[in-house]
Amino acid sequence: MYTFEPDKMRFPISDGELERRWALVRAVMKEENVDILVIQNDHQYRSGMVRYFTDIGSLSNPVTVLFPIDDEMTVIANGGGYNPGQTPAYGCRGVKTRLGVPIFPTYVEELNTRDAQAVVEIIRKRGDKKVGLVRISSMLGSFYKYVTENLKDLELVEFTDQIDKIKAVKSPEEIKYVRKSAKMQDYVAAAVPTFLRPGKYEYEIRHEIRHLLSDLGSEEQLIMIGSAPMGERAGHNGHFFQNRRIEKGDQVFIMLEPNGPGGFWTELSRTWVLGEPSQDLLDVWADGVIAQAYTASLLVPGNTGAYIYEKYNEFVVKMGYEKETRIHAHGQGYDLMERPGVRGEDPMPIQLNMNIAIHPTFAKNGAYISSTDNFLVTEKGPERLHQFPQEIIVLD
């Protein structure tokens, strides 16, 4: 057992919260006679399963977690021996073994399956009979292929849905961190006018935003920026495409998608105008706010994402817009996107204490908007967590 040193982490979750999660998961494992869970993440915006079990975040290489029903966890990460730097001893709780193996996830077969080899060896040694695979879509293909081919005599089951149902409902401590994330984004959005001005490039605005976010406790920053003259579509642009010089009279769309202190995600988007906004832009924005409020009104326990998606599309067609074909809204927690997803394919029902991001996106007559805020499902109805004004921000 390692000595946890919370002072070396900025915003660690409490021991009690981790123990709550482990107990809930083990109870479901017991119901379904699952001996051990296999979890792997390596994506900085979707590493939430590893974080949920271990409070280890900001992954830059594959990290694998073995979660037994009757013992503490094994964590496998890139490195050597028993001292993998990505999972330091002082930051681990509920972990019995920290194993470092040289992982090189390219075409070199012997190196891109070292973590999988360790998983198979440990499970064989333990004598497990039923193995739950958690979110196989987040596992590297080489890892999944090796594990399933070399454990095919055991009972391998998909165990993602069972974990999703636990993870989607936030505890009081988790809600506290979700609120911190929304407040952080409100603060940054309010600061945008201090550095958004003609002559600056989009990437320079992004740098200013990232600096603020890091100072406020954000660990990962996804920031979409699009700018255009009035009457032209601004759009969502990733950082590689943020190379336009902003001019007087432009509209500037900014979507803040960073996680906050403690690693919990929320997202906020607004449009700033360096001059006079067109009536088309104001009208489309007003429609976006109405559409978001309508979606929020459907965040009622028992309603499924599929039902909300159907009703939303009926609503926007009556407003004169095309049906939404993307994921219209979705849960957030340790993952940028988690269940429930508001689309026809997701049957997960809305429950109290879910954190849902809603982002209607409309375009008409050259005007483009996306109105994004997070909502908490409460007994009194949906609560908008962001406090930043729902309006086009006009800068003189």
# chains A, B, ... in the order shown; residues from 1 in each chain; ligands from 1
>>> residues_around(residues="Glu19 in chain A", least_positions_apart="2", cutoff="12 Å", atoms="only C-alpha atoms", output="list in words")
Ile13, Ser14, Asp15, Gly16, Glu17, Arg21, Trp22, Ala23, Leu24, Val25, Arg26, Tyr52, Phe53, Thr54, Asp55, Glu72, Arg93 and Gly94 of chain A
>>> residues_around(residues="Arg114 in chain A", least_positions_apart="3", cutoff="7 Å", atoms="only C-alpha atoms", output="list in words")
Val101, Pro102, Ile103, Glu110, Leu111, Gln117 and Ala118 of chain A
>>> select_by_dssp(residues="range 213-366 of chain A", states="alpha helix (DSSP H)", output="PyMOL selection string")
chain A and resi 213-215+279-297+305-319
>>> residues_around(residues="Ser60 in chain A", least_positions_apart="4", cutoff="9 Å", atoms="only C-alpha atoms", output="list in words")
Asp42, His43, Gln44 and Gln86 of chain A
>>> closest_residue(among="A:Ala168, A:Ala189, A:Leu18, A:Ile36", to="Ser269 in chain A", atoms="only C-alpha atoms")
A:Ala189
>>> atom_distance(atom1="CA of Asn237 in chain A", atom2="CA of Tyr294 in chain A")
26.7 Å
>>> closest_residue(among="A:Gln242, A:Gln351, A:Gln332, A:Gln279", to="Pro301 in chain A", atoms="only C-alpha atoms")
A:Gln351
>>> closest_residue(among="A:Thr304, A:Ser297, A:Thr361, A:Thr97", to="Val316 in chain A", atoms="only C-alpha atoms")
A:Thr361
>>> residues_around(residues="Glu219 in chain A", least_positions_apart="5", cutoff="9 Å", atoms="only C-alpha atoms", output="compact mmCIF listing (two decimals) with N, CA and C atoms, in the first residue's frame")
# COMPACT_ATOMS: atom_id res chain seq x y z
N GLY A 57 -5.52 11.52 -13.69
CA GLY A 57 -6.01 12.19 -14.88
C GLY A 57 -4.91 12.62 -15.82
N SER A 58 -5.28 13.39 -16.84
CA SER A 58 -4.35 13.97 -17.81
C SER A 58 -3.48 12.90 -18.45
N LEU A 213 -7.22 29.71 -17.90
CA LEU A 213 -7.79 28.44 -17.47
C LEU A 213 -6.81 27.64 -16.62
N SER A 214 -5.56 27.60 -17.04
CA SER A 214 -4.54 26.86 -16.29
C SER A 214 -4.35 27.44 -14.90
N PRO A 258 -13.02 23.31 -21.56
CA PRO A 258 -11.97 22.80 -20.69
C PRO A 258 -12.59 22.06 -19.50
N ASN A 259 -11.83 21.15 -18.91
CA ASN A 259 -12.28 20.65 -17.62
C ASN A 259 -11.82 21.62 -16.53
N GLY A 260 -12.43 21.51 -15.37
CA GLY A 260 -12.13 22.45 -14.30
C GLY A 260 -11.33 21.82 -13.19
N PRO A 261 -11.24 22.46 -12.05
CA PRO A 261 -10.53 21.90 -10.90
C PRO A 261 -11.09 20.52 -10.55
N GLY A 262 -10.21 19.55 -10.41
CA GLY A 262 -10.65 18.20 -10.10
C GLY A 262 -10.98 17.36 -11.30
N GLY A 263 -10.91 17.94 -12.52
CA GLY A 263 -11.05 17.16 -13.73
C GLY A 263 -12.45 17.02 -14.28
>>> residues_around(residues="Met319 in chain A", least_positions_apart="3", cutoff="10 Å", atoms="only C-alpha atoms", output="list in words")
Asp287, Ile290, Ala291, Asn313, Glu314, Phe315, Val316 and Glu322 of chain A
